[in-house]
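Novice: Can you keep this structure in mind? I'll have questions shortly.
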Amino acid sequence: MSENNDTKKLVIGLYGEMQLSMLLHDLGWQVHRAYIDEGIDFSISKYWCPKCKKYSNQYIRHKKYNGKNAKCVTNLCEYCKDTPLEIISKYLQVKTSEGIETADPDIRKFSFHPKIRYDMGDDVFYVWIAVFNDKGIDRKCYFYIFNTKDVAKFDNIDLDTYQITDNQKTTLTINRSGAVINKGKFYDYSCFNNDFFMNTDVLE
């Protein structure tokens with residue numbers, strides 16, 4: 001791969017990760033990026049009230065101090081105002097792929113490359129980002145979110161889309177709306193659309 005292609009790949013990866021960070025932030029997650037990437041790219045966290053059984057912001061207490069209104073950020077639930085909050089954390093490995101053009105301008109081919117292929121528990125997730133790029137004019141990001149136990153099913157040499165390379169890859173054909181349109185001989189690829197596509201709820 002040429003230096004220009006390496007640079008482009010790095011830029012696309014950073015673009016996908018930034019888009020994911022913004023999405024998670026909008027959903028109330030604090031997003032922390034690893035300085036040294038050793039498998040986990042992001043850790044994300046939210047405050048949780050064990051009494052109210054829901055996520056909460058920190059309660060901001062307002063009181064008079066020296067005749068002035070002062071605010072104090074507490075570690076208490078904003079709903080019940082008396083329960084110390086817990087921190088719930090999740091861990092994400094992120095991979096971004098850019099689609100290859102096909103004869104149909106509304107369809108791209110992607111390499112789905114799950115780097116985590118074993119169950120790492122309920123709090124570890126793999127986020128695959130497909131970047132649908134029309135020569136930089138109309139760039140869209142689609143997020144497919146898996147718990148690591150779901151990724152193992154794709155490490156299967158019998159899949160008709162399996163690529164035999166140094167790393168396991170699966171060729172996915174995706175249209176402009178982000179839908180995977182593969183028609184496997186025995187595998188139902190609609191799970192990408194029904195179970196994993198933009199499925200941020202699994203992180204909750």
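By order of appearance in the structure tokens: chains A, B, ..., then residues from 1 within every chain, and ligands from 1 in the order shown.
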Identify, on the basis of only C-alpha atoms, every residue whose closest approach to A:Tyr144 does not exceed 9 Å; exclude the query and any residue fewer than 2 positions from it along the same chain; express the result as a PDB file with all heavy atoms, in the first residue's frame.

Specialist:
ATOM      1  N   TYR A 126     -17.658  -4.272  19.774  1.00  0.00           N
ATOM      2  CA  TYR A 126     -16.937  -4.000  18.533  1.00  0.00           C
ATOM      3  C   TYR A 126     -17.846  -3.109  17.683  1.00  0.00           C
ATOM      4  O   TYR A 126     -19.001  -3.463  17.414  1.00  0.00           O
ATOM      5  CB  TYR A 126     -16.634  -5.305  17.805  1.00  0.00           C
ATOM      6  CG  TYR A 126     -15.955  -5.123  16.476  1.00  0.00           C
ATOM      7  CD1 TYR A 126     -14.593  -4.808  16.411  1.00  0.00           C
ATOM      8  CD2 TYR A 126     -16.659  -5.250  15.293  1.00  0.00           C
ATOM      9  CE1 TYR A 126     -13.967  -4.633  15.194  1.00  0.00           C
ATOM     10  CE2 TYR A 126     -16.033  -5.086  14.070  1.00  0.00           C
ATOM     11  CZ  TYR A 126     -14.692  -4.770  14.016  1.00  0.00           C
ATOM     12  OH  TYR A 126     -14.081  -4.596  12.805  1.00  0.00           O
ATOM     13  N   VAL A 127     -17.316  -1.944  17.286  1.00  0.00           N
ATOM     14  CA  VAL A 127     -18.077  -1.024  16.445  1.00  0.00           C
ATOM     15  C   VAL A 127     -17.416  -0.979  15.076  1.00  0.00           C
ATOM     16  O   VAL A 127     -16.242  -0.571  14.952  1.00  0.00           O
ATOM     17  CB  VAL A 127     -18.141   0.397  17.047  1.00  0.00           C
ATOM     18  CG1 VAL A 127     -19.001   1.304  16.159  1.00  0.00           C
ATOM     19  CG2 VAL A 127     -18.699   0.356  18.469  1.00  0.00           C
ATOM     20  N   TRP A 128     -18.144  -1.424  14.074  1.00  0.00           N
ATOM     21  CA  TRP A 128     -17.644  -1.352  12.705  1.00  0.00           C
ATOM     22  C   TRP A 128     -18.327  -0.183  12.018  1.00  0.00           C
ATOM     23  O   TRP A 128     -19.561  -0.053  12.050  1.00  0.00           O
ATOM     24  CB  TRP A 128     -17.931  -2.656  11.967  1.00  0.00           C
ATOM     25  CG  TRP A 128     -17.390  -2.660  10.567  1.00  0.00           C
ATOM     26  CD1 TRP A 128     -16.070  -2.558  10.199  1.00  0.00           C
ATOM     27  CD2 TRP A 128     -18.135  -2.752   9.355  1.00  0.00           C
ATOM     28  NE1 TRP A 128     -15.959  -2.582   8.833  1.00  0.00           N
ATOM     29  CE2 TRP A 128     -17.207  -2.706   8.285  1.00  0.00           C
ATOM     30  CE3 TRP A 128     -19.487  -2.871   9.072  1.00  0.00           C
ATOM     31  CZ2 TRP A 128     -17.598  -2.782   6.954  1.00  0.00           C
ATOM     32  CZ3 TRP A 128     -19.894  -2.951   7.750  1.00  0.00           C
ATOM     33  CH2 TRP A 128     -18.955  -2.905   6.704  1.00  0.00           C
ATOM     34  N   ILE A 129     -17.510   0.688  11.411  1.00  0.00           N
ATOM     35  CA  ILE A 129     -18.011   1.893  10.763  1.00  0.00           C
ATOM     36  C   ILE A 129     -17.797   1.762   9.261  1.00  0.00           C
ATOM     37  O   ILE A 129     -16.668   1.577   8.802  1.00  0.00           O
ATOM     38  CB  ILE A 129     -17.310   3.153  11.283  1.00  0.00           C
ATOM     39  CG1 ILE A 129     -17.398   3.233  12.806  1.00  0.00           C
ATOM     40  CG2 ILE A 129     -17.894   4.409  10.647  1.00  0.00           C
ATOM     41  CD1 ILE A 129     -16.549   4.338  13.414  1.00  0.00           C
ATOM     42  N   ALA A 130     -18.866   1.849   8.504  1.00  0.00           N
ATOM     43  CA  ALA A 130     -18.784   1.837   7.049  1.00  0.00           C
ATOM     44  C   ALA A 130     -18.928   3.274   6.549  1.00  0.00           C
ATOM     45  O   ALA A 130     -19.944   3.929   6.811  1.00  0.00           O
ATOM     46  CB  ALA A 130     -19.890   0.954   6.463  1.00  0.00           C
ATOM     47  N   TYR A 142     -22.034   4.836   8.646  1.00  0.00           N
ATOM     48  CA  TYR A 142     -23.003   3.901   9.188  1.00  0.00           C
ATOM     49  C   TYR A 142     -22.311   3.071  10.258  1.00  0.00           C
ATOM     50  O   TYR A 142     -21.209   2.568  10.054  1.00  0.00           O
ATOM     51  CB  TYR A 142     -23.562   3.006   8.089  1.00  0.00           C
ATOM     52  CG  TYR A 142     -24.258   3.776   6.992  1.00  0.00           C
ATOM     53  CD1 TYR A 142     -23.721   3.848   5.705  1.00  0.00           C
ATOM     54  CD2 TYR A 142     -25.448   4.450   7.249  1.00  0.00           C
ATOM     55  CE1 TYR A 142     -24.358   4.562   4.708  1.00  0.00           C
ATOM     56  CE2 TYR A 142     -26.089   5.155   6.252  1.00  0.00           C
ATOM     57  CZ  TYR A 142     -25.545   5.223   4.985  1.00  0.00           C
ATOM     58  OH  TYR A 142     -26.170   5.939   4.003  1.00  0.00           O
ATOM     59  N   PHE A 146     -21.732  -4.393  17.796  1.00  0.00           N
ATOM     60  CA  PHE A 146     -21.825  -5.786  18.205  1.00  0.00           C
ATOM     61  C   PHE A 146     -21.264  -5.943  19.613  1.00  0.00           C
ATOM     62  O   PHE A 146     -20.227  -5.360  19.950  1.00  0.00           O
ATOM     63  CB  PHE A 146     -20.977  -6.685  17.298  1.00  0.00           C
ATOM     64  CG  PHE A 146     -21.206  -6.509  15.828  1.00  0.00           C
ATOM     65  CD1 PHE A 146     -20.621  -5.450  15.141  1.00  0.00           C
ATOM     66  CD2 PHE A 146     -21.982  -7.410  15.133  1.00  0.00           C
ATOM     67  CE1 PHE A 146     -20.820  -5.291  13.780  1.00  0.00           C
ATOM     68  CE2 PHE A 146     -22.177  -7.262  13.764  1.00  0.00           C
ATOM     69  CZ  PHE A 146     -21.599  -6.196  13.090  1.00  0.00           C
ATOM     70  N   PHE A 192     -27.404  -7.899  10.098  1.00  0.00           N
ATOM     71  CA  PHE A 192     -26.682  -6.634  10.129  1.00  0.00           C
ATOM     72  C   PHE A 192     -27.662  -5.462  10.189  1.00  0.00           C
ATOM     73  O   PHE A 192     -27.420  -4.470  10.875  1.00  0.00           O
ATOM     74  CB  PHE A 192     -25.793  -6.483   8.893  1.00  0.00           C
ATOM     75  CG  PHE A 192     -24.463  -7.172   9.018  1.00  0.00           C
ATOM     76  CD1 PHE A 192     -24.317  -8.492   8.627  1.00  0.00           C
ATOM     77  CD2 PHE A 192     -23.360  -6.499   9.515  1.00  0.00           C
ATOM     78  CE1 PHE A 192     -23.089  -9.132   8.738  1.00  0.00           C
ATOM     79  CE2 PHE A 192     -22.138  -7.123   9.634  1.00  0.00           C
ATOM     80  CZ  PHE A 192     -22.000  -8.445   9.256  1.00  0.00           C
ATOM     81  N   ASN A 193     -28.757  -5.584   9.468  1.00  0.00           N
ATOM     82  CA  ASN A 193     -29.737  -4.502   9.415  1.00  0.00           C
ATOM     83  C   ASN A 193     -30.695  -4.541  10.605  1.00  0.00           C
ATOM     84  O   ASN A 193     -31.075  -3.497  11.137  1.00  0.00           O
ATOM     85  CB  ASN A 193     -30.535  -4.597   8.111  1.00  0.00           C
ATOM     86  CG  ASN A 193     -29.634  -4.712   6.900  1.00  0.00           C
ATOM     87  OD1 ASN A 193     -28.613  -4.042   6.806  1.00  0.00           O
ATOM     88  ND2 ASN A 193     -29.999  -5.579   5.968  1.00  0.00           N
ATOM     89  N   ASP A 195     -30.288  -6.306  13.671  1.00  0.00           N
ATOM     90  CA  ASP A 195     -29.740  -6.440  15.026  1.00  0.00           C
ATOM     91  C   ASP A 195     -28.608  -5.460  15.338  1.00  0.00           C
ATOM     92  O   ASP A 195     -28.444  -5.074  16.494  1.00  0.00           O
ATOM     93  CB  ASP A 195     -29.217  -7.866  15.248  1.00  0.00           C
ATOM     94  CG  ASP A 195     -30.306  -8.911  15.073  1.00  0.00           C
ATOM     95  OD1 ASP A 195     -31.483  -8.582  15.319  1.00  0.00           O
ATOM     96  OD2 ASP A 195     -29.982 -10.045  14.678  1.00  0.00           O
ATOM     97  N   PHE A 196     -27.821  -5.090  14.328  1.00  0.00           N
ATOM     98  CA  PHE A 196     -26.587  -4.364  14.606  1.00  0.00           C
ATOM     99  C   PHE A 196     -26.536  -2.946  14.056  1.00  0.00           C
ATOM    100  O   PHE A 196     -25.767  -2.118  14.557  1.00  0.00           O
ATOM    101  CB  PHE A 196     -25.387  -5.150  14.047  1.00  0.00           C
ATOM    102  CG  PHE A 196     -25.355  -6.584  14.491  1.00  0.00           C
ATOM    103  CD1 PHE A 196     -25.265  -7.620  13.577  1.00  0.00           C
ATOM    104  CD2 PHE A 196     -25.424  -6.910  15.845  1.00  0.00           C
ATOM    105  CE1 PHE A 196     -25.230  -8.945  13.982  1.00  0.00           C
ATOM    106  CE2 PHE A 196     -25.396  -8.230  16.269  1.00  0.00           C
ATOM    107  CZ  PHE A 196     -25.297  -9.245  15.337  1.00  0.00           C
ATOM    108  N   PHE A 197     -27.325  -2.635  13.033  1.00  0.00           N
ATOM    109  CA  PHE A 197     -27.248  -1.332  12.372  1.00  0.00           C
ATOM    110  C   PHE A 197     -27.691  -0.210  13.312  1.00  0.00           C
ATOM    111  O   PHE A 197     -28.826  -0.212  13.800  1.00  0.00           O
ATOM    112  CB  PHE A 197     -28.117  -1.345  11.110  1.00  0.00           C
ATOM    113  CG  PHE A 197     -28.126  -0.037  10.366  1.00  0.00           C
ATOM    114  CD1 PHE A 197     -26.976   0.438   9.768  1.00  0.00           C
ATOM    115  CD2 PHE A 197     -29.286   0.712  10.266  1.00  0.00           C
ATOM    116  CE1 PHE A 197     -26.986   1.645   9.074  1.00  0.00           C
ATOM    117  CE2 PHE A 197     -29.304   1.906   9.585  1.00  0.00           C
ATOM    118  CZ  PHE A 197     -28.150   2.373   8.986  1.00  0.00           C
ATOM    119  N   MET A 198     -26.780   0.727  13.598  1.00  0.00           N
ATOM    120  CA  MET A 198     -27.052   1.909  14.434  1.00  0.00           C
ATOM    121  C   MET A 198     -27.659   1.506  15.767  1.00  0.00           C
ATOM    122  O   MET A 198     -28.439   2.266  16.359  1.00  0.00           O
ATOM    123  CB  MET A 198     -27.984   2.879  13.689  1.00  0.00           C
ATOM    124  CG  MET A 198     -27.506   3.293  12.304  1.00  0.00           C
ATOM    125  SD  MET A 198     -25.929   4.173  12.308  1.00  0.00           S
ATOM    126  CE  MET A 198     -26.450   5.789  12.840  1.00  0.00           C
ATOM    127  N   ASN A 199     -27.284   0.319  16.275  1.00  0.00           N
ATOM    128  CA  ASN A 199     -27.908  -0.212  17.485  1.00  0.00           C
ATOM    129  C   ASN A 199     -27.192   0.304  18.736  1.00  0.00           C
ATOM    130  O   ASN A 199     -26.539  -0.455  19.459  1.00  0.00           O
ATOM    131  CB  ASN A 199     -27.902  -1.746  17.446  1.00  0.00           C
ATOM    132  CG  ASN A 199     -28.642  -2.344  18.629  1.00  0.00           C
ATOM    133  OD1 ASN A 199     -29.481  -1.692  19.244  1.00  0.00           O
ATOM    134  ND2 ASN A 199     -28.330  -3.590  18.965  1.00  0.00           N
ATOM    135  N   THR A 200     -27.324   1.592  19.001  1.00  0.00           N
ATOM    136  CA  THR A 200     -26.713   2.171  20.194  1.00  0.00           C
ATOM    137  C   THR A 200     -27.402   1.709  21.472  1.00  0.00           C
ATOM    138  O   THR A 200     -26.826   1.806  22.549  1.00  0.00           O
ATOM    139  CB  THR A 200     -26.731   3.711  20.120  1.00  0.00           C
ATOM    140  OG1 THR A 200     -28.087   4.153  19.936  1.00  0.00           O
ATOM    141  CG2 THR A 200     -25.883   4.206  18.971  1.00  0.00           C
TER     142      THR A 200
END

Novice: Could you list, with a cut-off of 12 Å and counting only C-alpha atoms, the residues of stretch 24-56 of chain A near stretch 104-115 of chain A, each shown with its nearest atom pair and the distance in Å rounded to one decimal, rows sorted by chain and ascending number, as a tab-separated table?

Specialist:
residue	atom	partner	partner_atom	distance
A:Glu38	CA	A:Lys115	CA	11.6
A:Gly39	CA	A:Lys115	CA	8.4
A:Ile40	CA	A:Lys115	CA	10.5
A:Asp41	CA	A:Lys115	CA	11.9

Novice: Only N, CA, C and O atoms, please: the residues just picked out, written as a CSV table (one decimal), in the first residue's frame.

Specialist:
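Below you can see selection-v9.csv, which holds the result:
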chain,number,residue,atom,x,y,z
A,38,GLU,N,-4.1,-0.5,22.3
A,38,GLU,CA,-3.8,-1.9,22.5
A,38,GLU,C,-5.0,-2.8,22.4
A,38,GLU,O,-5.2,-3.7,23.2
A,39,GLY,N,-5.9,-2.5,21.5
A,39,GLY,CA,-7.1,-3.3,21.3
A,39,GLY,C,-8.4,-2.6,21.7
A,39,GLY,O,-9.4,-2.8,21.0
A,40,ILE,N,-8.4,-1.8,22.7
A,40,ILE,CA,-9.6,-1.0,23.1
A,40,ILE,C,-9.3,0.4,22.7
A,40,ILE,O,-8.4,1.0,23.2
A,41,ASP,N,-10.2,0.9,21.8
A,41,ASP,CA,-10.0,2.3,21.3
A,41,ASP,C,-10.7,3.3,22.2
A,41,ASP,O,-10.1,4.4,22.4

Novice: Compare A:Met120, A:Val94, A:Cys191, A:Cys77 by their minimum atom-to-atom distance to A:Phe42, counting only C-alpha atoms, and give me the closest one.

Specialist: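 Counting only C-alpha atoms, the residue closest to A:Phe42 is A:Val94.
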
Novice: Here is a test: counting only C-alpha atoms, which residue of A:Arg176, A:Lys71, A:Lys140, A:Lys81 is nearest to A:Gln58?

Specialist: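 Closest residue, counting only C-alpha atoms: A:Lys81.
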
Novice: From the set A:Asn75, A:Thr96, A:Asn57, A:Asn66, which residue has the shortest atom-to-atom contact distance to A:Met18, counting only C-alpha atoms?

Specialist: A:Thr96

Novice: Any idea what the distance is between atom CA of A:Ile181 and atom CA of A:Leu20?

Specialist: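 Separation between atom CA of A:Ile181 and atom CA of A:Leu20: 23.2 Å.
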
Novice: Contacts of A:Lys54 at 12 Å or less, counting only C-alpha atoms, minus same-chain residues fewer than 2 places along, as a compact mmCIF listing (two decimals) with N, CA and C atoms, in the first residue's frame?

Specialist:
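Contents of out.txt, as written:
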# COMPACT_ATOMS: atom_id res chain seq x y z
N LYS A 46 -21.13 6.55 31.86
CA LYS A 46 -22.30 7.32 32.27
C LYS A 46 -22.49 7.14 33.77
N TYR A 47 -23.17 8.11 34.37
CA TYR A 47 -23.52 7.99 35.79
C TYR A 47 -24.84 7.23 35.92
N TRP A 48 -24.91 6.40 36.96
CA TRP A 48 -26.07 5.53 37.19
C TRP A 48 -26.52 5.67 38.63
N CYS A 49 -27.85 5.84 38.81
CA CYS A 49 -28.40 5.89 40.16
C CYS A 49 -28.94 4.51 40.53
N PRO A 50 -28.36 3.84 41.53
CA PRO A 50 -28.84 2.50 41.91
C PRO A 50 -30.22 2.53 42.56
N LYS A 51 -30.62 3.69 43.08
CA LYS A 51 -31.95 3.80 43.69
C LYS A 51 -33.03 4.00 42.63
N CYS A 52 -32.80 4.94 41.72
CA CYS A 52 -33.78 5.23 40.67
C CYS A 52 -33.73 4.23 39.53
N SER A 56 -28.28 9.13 35.18
CA SER A 56 -28.56 10.45 35.73
C SER A 56 -27.35 11.36 35.52
N ASN A 57 -27.61 12.64 35.41
CA ASN A 57 -26.54 13.62 35.51
C ASN A 57 -26.26 13.89 36.99
N CYS A 77 -27.59 11.82 42.56
CA CYS A 77 -28.55 11.69 41.46
C CYS A 77 -29.37 12.97 41.29
N GLU A 78 -29.56 13.41 40.06
CA GLU A 78 -30.32 14.62 39.81
C GLU A 78 -31.83 14.41 40.02
N TYR A 79 -32.27 13.15 40.12
CA TYR A 79 -33.68 12.87 40.28
C TYR A 79 -34.06 12.77 41.76
N CYS A 80 -33.41 11.85 42.48
CA CYS A 80 -33.76 11.69 43.90
C CYS A 80 -32.95 12.62 44.80
N THR A 83 -28.91 10.07 46.46
CA THR A 83 -28.20 8.81 46.26
C THR A 83 -26.89 9.03 45.51
N LEU A 85 -24.01 8.51 43.00
CA LEU A 85 -24.02 7.91 41.68
C LEU A 85 -22.89 6.89 41.52
N GLU A 86 -23.16 5.88 40.71
CA GLU A 86 -22.14 4.94 40.29
C GLU A 86 -21.75 5.26 38.85
N ILE A 87 -20.58 4.80 38.45
CA ILE A 87 -20.14 5.01 37.07
C ILE A 87 -20.23 3.68 36.32
N ILE A 88 -20.96 3.69 35.22
CA ILE A 88 -21.08 2.53 34.34
C ILE A 88 -20.15 2.75 33.15
N GLU A 204 -26.61 0.48 26.26
CA GLU A 204 -27.28 0.89 27.48
C GLU A 204 -27.44 -0.30 28.44

Novice: Quick one: distance from atom CA of A:Asp201 to atom CA of A:Thr171 in Å, one decimal?

Specialist: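 Taking atom CA of A:Asp201 and atom CA of A:Thr171, their separation equals 25.8 Å.
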